[in-house]
file final.cif (mmCIF, C-alpha atoms)
data_target
#
loop_
_atom_site.group_PDB
_atom_site.id
_atom_site.type_symbol
_atom_site.label_atom_id
_atom_site.label_comp_id
_atom_site.auth_asym_id
_atom_site.auth_seq_id
_atom_site.Cartn_x
_atom_site.Cartn_y
_atom_site.Cartn_z
ATOM 1 C CA MET A 138 166.091 -80.093 -4.633
ATOM 2 C CA SER A 139 166.844 -77.182 -6.932
ATOM 3 C CA MET A 140 165.685 -73.671 -6.206
ATOM 4 C CA ARG A 141 163.190 -72.192 -8.595
ATOM 5 C CA LYS A 142 164.132 -68.942 -10.263
ATOM 6 C CA GLN A 143 162.516 -65.976 -8.599
ATOM 7 C CA LEU A 144 159.539 -64.443 -10.328
ATOM 8 C CA VAL A 145 158.555 -60.785 -10.172
ATOM 9 C CA VAL A 146 155.155 -59.933 -11.633
ATOM 10 C CA GLY A 147 153.751 -56.454 -12.067
ATOM 11 C CA ASN A 148 149.961 -56.312 -11.807
ATOM 12 C CA TRP A 149 148.636 -53.165 -13.470
ATOM 13 C CA LYS A 150 145.229 -53.485 -11.836
ATOM 14 C CA MET A 151 142.790 -51.135 -13.636
ATOM 15 C CA HIS A 152 145.404 -48.702 -14.905
ATOM 16 C CA GLY A 153 146.900 -47.987 -18.284
ATOM 17 C CA SER A 154 146.533 -46.188 -21.594
ATOM 18 C CA HIS A 155 148.174 -46.706 -24.974
ATOM 19 C CA SER A 156 150.844 -44.070 -24.349
ATOM 20 C CA ALA A 157 151.469 -44.983 -20.705
ATOM 21 C CA ASN A 158 151.711 -48.674 -21.603
ATOM 22 C CA ALA A 159 154.206 -48.046 -24.392
ATOM 23 C CA GLU A 160 156.404 -45.996 -22.074
ATOM 24 C CA LEU A 161 156.221 -48.469 -19.203
ATOM 25 C CA LEU A 162 156.849 -51.551 -21.355
ATOM 26 C CA ALA A 163 159.789 -49.871 -23.106
ATOM 27 C CA GLY A 164 161.242 -48.990 -19.702
ATOM 28 C CA ILE A 165 160.851 -52.555 -18.431
ATOM 29 C CA VAL A 166 162.577 -53.938 -21.522
ATOM 30 C CA ALA A 167 165.375 -51.350 -21.334
ATOM 31 C CA ALA A 168 166.088 -52.137 -17.681
ATOM 32 C CA ARG A 169 167.145 -55.702 -18.473
ATOM 33 C CA PRO A 170 168.884 -57.936 -17.625
ATOM 34 C CA TYR A 171 167.049 -59.038 -14.515
ATOM 35 C CA ILE A 172 168.194 -61.609 -11.966
ATOM 36 C CA ALA A 173 164.621 -62.901 -11.718
ATOM 37 C CA GLU A 174 162.046 -63.865 -14.304
ATOM 38 C CA VAL A 175 159.899 -60.797 -14.975
ATOM 39 C CA ALA A 176 156.301 -60.638 -16.150
ATOM 40 C CA VAL A 177 153.521 -58.096 -16.404
ATOM 41 C CA CYS A 178 149.844 -58.897 -15.987
ATOM 42 C CA VAL A 179 147.857 -56.306 -17.866
ATOM 43 C CA PRO A 180 144.151 -55.496 -18.296
ATOM 44 C CA PHE A 181 142.503 -57.499 -21.088
ATOM 45 C CA PRO A 182 142.353 -54.637 -23.646
ATOM 46 C CA TYR A 183 146.135 -54.245 -23.440
ATOM 47 C CA LEU A 184 147.177 -57.881 -23.906
ATOM 48 C CA SER A 185 147.891 -57.355 -27.594
ATOM 49 C CA GLU A 186 150.057 -54.311 -26.848
ATOM 50 C CA ALA A 187 152.027 -56.270 -24.262
ATOM 51 C CA ALA A 188 152.460 -59.192 -26.655
ATOM 52 C CA VAL A 189 153.838 -56.943 -29.394
ATOM 53 C CA ALA A 190 156.016 -54.804 -27.125
ATOM 54 C CA LEU A 191 157.566 -57.782 -25.343
ATOM 55 C CA ALA A 192 157.763 -60.282 -28.222
ATOM 56 C CA ALA A 193 161.509 -59.850 -28.780
ATOM 57 C CA SER A 194 162.349 -59.886 -25.069
ATOM 58 C CA ASP A 195 162.486 -62.505 -22.342
ATOM 59 C CA ILE A 196 159.833 -60.649 -20.357
ATOM 60 C CA ARG A 197 156.574 -62.580 -20.079
ATOM 61 C CA TRP A 198 153.047 -61.274 -19.983
ATOM 62 C CA GLY A 199 149.797 -62.475 -18.588
ATOM 63 C CA ALA A 200 146.254 -61.588 -17.708
ATOM 64 C CA GLN A 201 144.715 -60.451 -14.461
ATOM 65 C CA ASP A 202 141.920 -63.019 -14.374
ATOM 66 C CA CYS A 203 140.220 -65.718 -16.420
ATOM 67 C CA SER A 204 136.994 -67.639 -16.556
ATOM 68 C CA ALA A 205 136.708 -71.135 -15.153
ATOM 69 C CA HIS A 206 134.619 -71.956 -18.241
ATOM 70 C CA GLU A 207 136.039 -73.020 -21.598
ATOM 71 C CA GLN A 208 133.328 -71.227 -23.589
ATOM 72 C CA GLY A 209 129.639 -70.410 -23.478
ATOM 73 C CA ALA A 210 127.135 -67.752 -22.543
ATOM 74 C CA TYR A 211 129.305 -65.942 -19.981
ATOM 75 C CA THR A 212 129.157 -62.327 -21.099
ATOM 76 C CA GLY A 213 132.180 -60.350 -19.983
ATOM 77 C CA GLU A 214 134.250 -63.421 -19.152
ATOM 78 C CA VAL A 215 137.521 -64.298 -20.899
ATOM 79 C CA SER A 216 138.480 -67.938 -21.370
ATOM 80 C CA VAL A 217 141.972 -69.298 -20.911
ATOM 81 C CA ALA A 218 141.878 -70.422 -24.553
ATOM 82 C CA MET A 219 141.525 -66.771 -25.542
ATOM 83 C CA LEU A 220 144.437 -65.812 -23.299
ATOM 84 C CA ALA A 221 146.616 -68.625 -24.633
ATOM 85 C CA GLU A 222 146.053 -67.331 -28.176
ATOM 86 C CA PHE A 223 147.806 -64.117 -27.144
ATOM 87 C CA GLY A 224 150.747 -66.062 -25.802
ATOM 88 C CA CYS A 225 149.928 -65.326 -22.178
ATOM 89 C CA ARG A 226 152.278 -67.223 -19.922
ATOM 90 C CA TYR A 227 150.510 -66.339 -16.664
ATOM 91 C CA VAL A 228 147.071 -65.543 -15.318
ATOM 92 C CA ILE A 229 146.335 -64.189 -11.857
ATOM 93 C CA VAL A 230 143.555 -66.029 -10.034
ATOM 94 C CA GLY A 231 142.153 -65.469 -6.565
ATOM 95 C CA HIS A 232 143.413 -61.933 -6.138
ATOM 96 C CA SER A 233 142.124 -60.506 -2.864
ATOM 97 C CA GLU A 234 140.180 -57.836 -4.747
ATOM 98 C CA ARG A 235 138.382 -60.511 -6.808
ATOM 99 C CA ARG A 236 137.665 -62.531 -3.676
ATOM 100 C CA ALA A 237 136.321 -59.477 -1.838
ATOM 101 C CA HIS A 238 134.542 -57.461 -4.538
ATOM 102 C CA HIS A 239 133.329 -60.318 -6.721
ATOM 103 C CA ALA A 240 132.722 -62.898 -3.965
ATOM 104 C CA GLU A 241 135.050 -65.417 -5.592
ATOM 105 C CA SER A 242 135.161 -68.609 -3.563
ATOM 106 C CA ASP A 243 138.158 -70.838 -2.935
ATOM 107 C CA GLN A 244 136.513 -73.419 -5.235
ATOM 108 C CA LEU A 245 136.095 -70.911 -8.073
ATOM 109 C CA VAL A 246 139.746 -69.929 -7.725
ATOM 110 C CA ALA A 247 140.668 -73.627 -7.898
ATOM 111 C CA ASP A 248 138.517 -74.091 -11.010
ATOM 112 C CA LYS A 249 140.191 -71.120 -12.686
ATOM 113 C CA ALA A 250 143.650 -72.458 -11.832
ATOM 114 C CA LYS A 251 142.699 -75.857 -13.258
ATOM 115 C CA ALA A 252 141.375 -74.249 -16.453
ATOM 116 C CA ALA A 253 144.623 -72.301 -16.829
ATOM 117 C CA LEU A 254 146.858 -75.346 -16.483
ATOM 118 C CA ALA A 255 144.694 -77.299 -18.931
ATOM 119 C CA ARG A 256 145.614 -74.698 -21.576
ATOM 120 C CA GLY A 257 149.280 -74.422 -20.650
ATOM 121 C CA VAL A 258 148.962 -71.087 -18.855
ATOM 122 C CA THR A 259 150.559 -70.868 -15.410
ATOM 123 C CA PRO A 260 148.112 -69.734 -12.731
ATOM 124 C CA ILE A 261 149.401 -67.267 -10.171
ATOM 125 C CA VAL A 262 147.229 -68.197 -7.199
ATOM 126 C CA CYS A 263 146.889 -65.353 -4.719
ATOM 127 C CA VAL A 264 146.424 -66.114 -1.048
ATOM 128 C CA GLY A 265 146.470 -63.953 2.027
ATOM 129 C CA GLU A 266 144.626 -62.911 5.131
ATOM 130 C CA THR A 267 142.864 -59.698 6.078
ATOM 131 C CA LEU A 268 144.007 -57.545 8.981
ATOM 132 C CA ALA A 269 141.056 -58.808 11.042
ATOM 133 C CA GLU A 270 142.034 -62.407 10.320
ATOM 134 C CA ARG A 271 145.646 -61.710 11.269
ATOM 135 C CA ASP A 272 144.568 -60.010 14.481
ATOM 136 C CA ALA A 273 142.363 -63.020 15.256
ATOM 137 C CA GLY A 274 145.385 -65.296 14.864
ATOM 138 C CA VAL A 275 143.916 -67.298 11.972
ATOM 139 C CA THR A 276 146.420 -66.408 9.224
ATOM 140 C CA GLU A 277 147.679 -69.968 8.851
ATOM 141 C CA ALA A 278 144.161 -71.418 8.761
ATOM 142 C CA VAL A 279 142.993 -68.889 6.142
ATOM 143 C CA VAL A 280 145.942 -69.476 3.840
ATOM 144 C CA LYS A 281 145.657 -73.248 4.292
ATOM 145 C CA ARG A 282 141.953 -73.088 3.386
ATOM 146 C CA GLN A 283 142.644 -70.943 0.319
ATOM 147 C CA LEU A 284 145.379 -73.273 -0.899
ATOM 148 C CA SER A 285 143.720 -76.587 -0.090
ATOM 149 C CA ALA A 286 140.971 -76.196 -2.703
ATOM 150 C CA VAL A 287 143.554 -75.386 -5.381
ATOM 151 C CA ILE A 288 145.920 -78.188 -4.407
ATOM 152 C CA HIS A 289 143.024 -80.668 -4.363
ATOM 153 C CA ALA A 290 141.796 -79.522 -7.802
ATOM 154 C CA LEU A 291 145.237 -79.572 -9.396
ATOM 155 C CA ALA A 292 146.353 -82.830 -7.765
ATOM 156 C CA HIS A 293 149.688 -83.919 -9.256
ATOM 157 C CA CYS A 294 149.949 -80.641 -11.266
ATOM 158 C CA ALA A 295 149.954 -78.428 -8.156
ATOM 159 C CA GLY A 296 153.701 -77.920 -8.519
ATOM 160 C CA GLU A 297 153.092 -76.082 -11.797
ATOM 161 C CA MET A 298 151.258 -73.156 -10.188
ATOM 162 C CA VAL A 299 152.788 -70.048 -8.677
ATOM 163 C CA VAL A 300 151.607 -69.041 -5.222
ATOM 164 C CA ALA A 301 151.602 -65.340 -4.410
ATOM 165 C CA TYR A 302 151.235 -64.560 -0.722
ATOM 166 C CA GLU A 303 149.755 -61.108 -0.443
ATOM 167 C CA PRO A 304 148.205 -60.192 2.877
ATOM 168 C CA VAL A 305 145.108 -58.135 2.122
ATOM 169 C CA ARG A 306 146.358 -55.502 4.563
ATOM 170 C CA ALA A 307 149.543 -54.983 2.483
#

call {"tool": "encode", "arguments": {"input": "final.cif", "output": "C-alpha cells"}}
result
Amino acid sequence: MSMRKQLVVGNWKMHGSHSANAELLAGIVAARPYIAEVAVCVPFPYLSEAAVALAASDIRWGAQDCSAHEQGAYTGEVSVAMLAEFGCRYVIVGHSERRAHHAESDQLVADKAKAALARGVTPIVCVGETLAERDAGVTEAVVKRQLSAVIHALAHCAGEMVVAYEPVRA
C-alpha cells in the first residue's frame, strides 16, 4: 500500500480582506516548494481572488462549506456546482464550528460530502471530540459516529475523502 502525500490546508475562517488576501497568497506561493500538498480554504467572497492568485501555482484552493442541495430555494447556501465552477479542489464539511453553531448533524455532513464527490470536489470531513467527551472517555465512539454516516453515504467512494481530525478543544 502506498502512502498518500501529506496535505496541509489553511482554513481562513471568517478572516480576510482584499489586501490581506493578496499578501498572504503571494507569501504562500513564494514559500514554495512544499513537501506536502498545500491548499487554502477561503470564505466564499474570496474564492475568485484565490483562483486568480493561485492559478499558475500548484497550490490548491477550496471553500469552507457547501450545501447538500444541488440547487433550489436555499437562500445563503452555496452549491458544490458553484464551487466547482471556480475550480475548487476541496470543500470543508463538518467543521466543529458548523456542527456546534449551526447544529449540523452527522447525516448532513455526510450529505454534503456526497454532494461534493458527485461534482468532483474532494470533501475534507472534519471529526473530533469536545473536551467533555474526551474527559468522559468517549473520544473513539464520537469519532466513529461522526465518520460512520459519511462512510455509509459515500460507500465505495469513501477513500476519495480527506479526514481531518481536529479535537474541538484544540

call {"tool": "closest_residue", "arguments": {"input": "final.cif", "among": "A:Phe223, A:Val258, A:Trp198, A:Ala218", "to": "Glu297 (chain A)", "atoms": "only C-alpha atoms"}}
result
A:Val258

call {"tool": "closest_residue", "arguments": {"input": "final.cif", "among": "A:Ile261, A:Ala200, A:Ala292, A:Val299", "to": "Leu220 (chain A)", "atoms": "only C-alpha atoms"}}
result
A:Ala200

call {"tool": "residues_around", "arguments": {"input": "final.cif", "residues": "Gln201 (chain A)", "least_positions_apart": "2", "cutoff": "9 Å", "atoms": "all atoms listed in the file", "output": "PDB file with C-alpha atoms, in the coordinates of the input"}}
result
ATOM      1  CA  ASN A 148     149.961 -56.312 -11.807  1.00  0.00           C
ATOM      2  CA  TRP A 149     148.636 -53.165 -13.470  1.00  0.00           C
ATOM      3  CA  LYS A 150     145.229 -53.485 -11.836  1.00  0.00           C
ATOM      4  CA  CYS A 178     149.844 -58.897 -15.987  1.00  0.00           C
ATOM      5  CA  VAL A 179     147.857 -56.306 -17.866  1.00  0.00           C
ATOM      6  CA  PRO A 180     144.151 -55.496 -18.296  1.00  0.00           C
ATOM      7  CA  PHE A 181     142.503 -57.499 -21.088  1.00  0.00           C
ATOM      8  CA  GLY A 199     149.797 -62.475 -18.588  1.00  0.00           C
ATOM      9  CA  CYS A 203     140.220 -65.718 -16.420  1.00  0.00           C
ATOM     10  CA  TYR A 227     150.510 -66.339 -16.664  1.00  0.00           C
ATOM     11  CA  VAL A 228     147.071 -65.543 -15.318  1.00  0.00           C
ATOM     12  CA  ILE A 229     146.335 -64.189 -11.857  1.00  0.00           C
ATOM     13  CA  VAL A 230     143.555 -66.029 -10.034  1.00  0.00           C
ATOM     14  CA  HIS A 232     143.413 -61.933  -6.138  1.00  0.00           C
TER      15      HIS A 232
END

call {"tool": "residues_around", "arguments": {"input": "final.cif", "residues": "Arg271 (chain A)", "least_positions_apart": "5", "cutoff": "12 Å", "atoms": "all atoms listed in the file", "output": "list in words"}}
result
Gly265, Glu266, Thr276, Glu277, Ala278, Val279, Val280, Pro304, Val305, Arg306 and Ala307 of chain A

call {"tool": "residues_near_point", "arguments": {"input": "final.cif", "point": "(153.5, -53.9, -22.5)", "cutoff": "10 Å", "atoms": "only C-alpha atoms", "output": "mmCIF file with C-alpha atoms, in the frame of the given file"}}
result
data_model
loop_
_atom_site.group_PDB
_atom_site.id
_atom_site.type_symbol
_atom_site.label_atom_id
_atom_site.label_comp_id
_atom_site.auth_asym_id
_atom_site.auth_seq_id
_atom_site.Cartn_x
_atom_site.Cartn_y
_atom_site.Cartn_z
ATOM 1 C CA GLY A 153 146.900 -47.987 -18.284
ATOM 2 C CA HIS A 155 148.174 -46.706 -24.974
ATOM 3 C CA ALA A 157 151.469 -44.983 -20.705
ATOM 4 C CA ASN A 158 151.711 -48.674 -21.603
ATOM 5 C CA ALA A 159 154.206 -48.046 -24.392
ATOM 6 C CA GLU A 160 156.404 -45.996 -22.074
ATOM 7 C CA LEU A 161 156.221 -48.469 -19.203
ATOM 8 C CA LEU A 162 156.849 -51.551 -21.355
ATOM 9 C CA ALA A 163 159.789 -49.871 -23.106
ATOM 10 C CA GLY A 164 161.242 -48.990 -19.702
ATOM 11 C CA ILE A 165 160.851 -52.555 -18.431
ATOM 12 C CA VAL A 166 162.577 -53.938 -21.522
ATOM 13 C CA ALA A 176 156.301 -60.638 -16.150
ATOM 14 C CA VAL A 177 153.521 -58.096 -16.404
ATOM 15 C CA CYS A 178 149.844 -58.897 -15.987
ATOM 16 C CA VAL A 179 147.857 -56.306 -17.866
ATOM 17 C CA TYR A 183 146.135 -54.245 -23.440
ATOM 18 C CA LEU A 184 147.177 -57.881 -23.906
ATOM 19 C CA SER A 185 147.891 -57.355 -27.594
ATOM 20 C CA GLU A 186 150.057 -54.311 -26.848
ATOM 21 C CA ALA A 187 152.027 -56.270 -24.262
ATOM 22 C CA ALA A 188 152.460 -59.192 -26.655
ATOM 23 C CA VAL A 189 153.838 -56.943 -29.394
ATOM 24 C CA ALA A 190 156.016 -54.804 -27.125
ATOM 25 C CA LEU A 191 157.566 -57.782 -25.343
ATOM 26 C CA ALA A 192 157.763 -60.282 -28.222
ATOM 27 C CA ILE A 196 159.833 -60.649 -20.357
ATOM 28 C CA ARG A 197 156.574 -62.580 -20.079
ATOM 29 C CA TRP A 198 153.047 -61.274 -19.983
#

call {"tool": "atom_distance", "arguments": {"input": "final.cif", "atom1": "CA of Gln208 (chain A)", "atom2": "CA of Val262 (chain A)"}}
result
21.7 Å

call {"tool": "residues_near_point", "arguments": {"input": "final.cif", "point": "(141.6, -68.0, -6.9)", "cutoff": "7 Å", "atoms": "all atoms listed in the file", "output": "list in words"}}
result
Val230, Gly231, His232, Asp243, Leu245, Val246, Ala247, Lys249, Ala250, Val262 and Cys263 of chain A

call {"tool": "closest_residue", "arguments": {"input": "final.cif", "among": "A:Ala205, A:Ala193, A:Val215, A:Val145", "to": "Tyr171 (chain A)", "atoms": "all atoms listed in the file"}}
result
A:Val145

call {"tool": "axis_aligned_box", "arguments": {"input": "final.cif", "around": "region 250-257 of chain A", "padding_each_side": "3 Å", "output": "AutoDock Vina command-line options"}}
result
--center_x 145.3 --center_y -74.8 --center_z -16.7 --size_x 13.9 --size_y 11.0 --size_z 15.7

call {"tool": "closest_residue", "arguments": {"input": "final.cif", "among": "A:Ser242, A:Asp202, A:Ala252, A:Gly257", "to": "Leu284 (chain A)", "atoms": "only C-alpha atoms"}}
result
A:Ser242

call {"tool": "atom_distance", "arguments": {"input": "final.cif", "atom1": "CA of Gly224 (chain A)", "atom2": "CA of Arg236 (chain A)"}}
result
25.9 Å

call {"tool": "atom_distance", "arguments": {"input": "final.cif", "atom1": "CA of Ser156 (chain A)", "atom2": "CA of Asp195 (chain A)"}}
result
21.9 Å

call {"tool": "closest_residue", "arguments": {"input": "final.cif", "among": "A:Ala240, A:Met151, A:Cys225, A:Ala301", "to": "Thr259 (chain A)", "atoms": "all atoms listed in the file"}}
result
A:Cys225

call {"tool": "closest_residue", "arguments": {"input": "final.cif", "among": "A:Ala237, A:Ala168, A:Ala255, A:Ala269", "to": "Val217 (chain A)", "atoms": "all atoms listed in the file"}}
result
A:Ala255

call {"tool": "build_atoms", "arguments": {"input": "final.cif", "residues": "region 289-300 of chain A", "atoms": "N, CA, C and O atoms", "output": "PDB file, in the coordinates of the input"}}
result
ATOM      1  N   HIS A 289     143.911 -79.523  -4.116  1.00  0.00           N
ATOM      2  CA  HIS A 289     143.024 -80.668  -4.363  1.00  0.00           C
ATOM      3  C   HIS A 289     142.608 -80.716  -5.836  1.00  0.00           C
ATOM      4  O   HIS A 289     142.626 -81.767  -6.469  1.00  0.00           O
ATOM      5  N   ALA A 290     142.251 -79.569  -6.408  1.00  0.00           N
ATOM      6  CA  ALA A 290     141.796 -79.522  -7.802  1.00  0.00           C
ATOM      7  C   ALA A 290     142.920 -79.828  -8.785  1.00  0.00           C
ATOM      8  O   ALA A 290     142.689 -80.455  -9.819  1.00  0.00           O
ATOM      9  N   LEU A 291     144.124 -79.399  -8.465  1.00  0.00           N
ATOM     10  CA  LEU A 291     145.237 -79.572  -9.396  1.00  0.00           C
ATOM     11  C   LEU A 291     145.955 -80.898  -9.213  1.00  0.00           C
ATOM     12  O   LEU A 291     146.701 -81.314 -10.101  1.00  0.00           O
ATOM     13  N   ALA A 292     145.747 -81.532  -8.069  1.00  0.00           N
ATOM     14  CA  ALA A 292     146.353 -82.830  -7.765  1.00  0.00           C
ATOM     15  C   ALA A 292     147.845 -82.842  -8.090  1.00  0.00           C
ATOM     16  O   ALA A 292     148.593 -82.016  -7.572  1.00  0.00           O
ATOM     17  N   HIS A 293     148.260 -83.755  -8.960  1.00  0.00           N
ATOM     18  CA  HIS A 293     149.688 -83.919  -9.256  1.00  0.00           C
ATOM     19  C   HIS A 293     150.279 -82.734 -10.024  1.00  0.00           C
ATOM     20  O   HIS A 293     151.490 -82.630 -10.142  1.00  0.00           O
ATOM     21  N   CYS A 294     149.449 -81.812 -10.529  1.00  0.00           N
ATOM     22  CA  CYS A 294     149.949 -80.641 -11.266  1.00  0.00           C
ATOM     23  C   CYS A 294     150.132 -79.425 -10.358  1.00  0.00           C
ATOM     24  O   CYS A 294     150.496 -78.351 -10.845  1.00  0.00           O
ATOM     25  N   ALA A 295     149.886 -79.577  -9.070  1.00  0.00           N
ATOM     26  CA  ALA A 295     149.954 -78.428  -8.156  1.00  0.00           C
ATOM     27  C   ALA A 295     151.316 -77.752  -8.179  1.00  0.00           C
ATOM     28  O   ALA A 295     151.411 -76.540  -7.977  1.00  0.00           O
ATOM     29  N   GLY A 296     152.359 -78.488  -8.469  1.00  0.00           N
ATOM     30  CA  GLY A 296     153.701 -77.920  -8.519  1.00  0.00           C
ATOM     31  C   GLY A 296     153.915 -76.980  -9.693  1.00  0.00           C
ATOM     32  O   GLY A 296     154.930 -76.290  -9.758  1.00  0.00           O
ATOM     33  N   GLU A 297     152.963 -76.939 -10.619  1.00  0.00           N
ATOM     34  CA  GLU A 297     153.092 -76.082 -11.797  1.00  0.00           C
ATOM     35  C   GLU A 297     152.480 -74.699 -11.598  1.00  0.00           C
ATOM     36  O   GLU A 297     152.582 -73.840 -12.466  1.00  0.00           O
ATOM     37  N   MET A 298     151.836 -74.473 -10.447  1.00  0.00           N
ATOM     38  CA  MET A 298     151.258 -73.156 -10.188  1.00  0.00           C
ATOM     39  C   MET A 298     152.279 -72.288  -9.460  1.00  0.00           C
ATOM     40  O   MET A 298     153.254 -72.775  -8.912  1.00  0.00           O
ATOM     41  N   VAL A 299     152.016 -71.003  -9.466  1.00  0.00           N
ATOM     42  CA  VAL A 299     152.788 -70.048  -8.677  1.00  0.00           C
ATOM     43  C   VAL A 299     151.875 -69.582  -7.560  1.00  0.00           C
ATOM     44  O   VAL A 299     150.704 -69.277  -7.809  1.00  0.00           O
ATOM     45  N   VAL A 300     152.377 -69.530  -6.358  1.00  0.00           N
ATOM     46  CA  VAL A 300     151.607 -69.041  -5.222  1.00  0.00           C
ATOM     47  C   VAL A 300     152.149 -67.669  -4.849  1.00  0.00           C
ATOM     48  O   VAL A 300     153.351 -67.494  -4.655  1.00  0.00           O
TER      49      VAL A 300
END
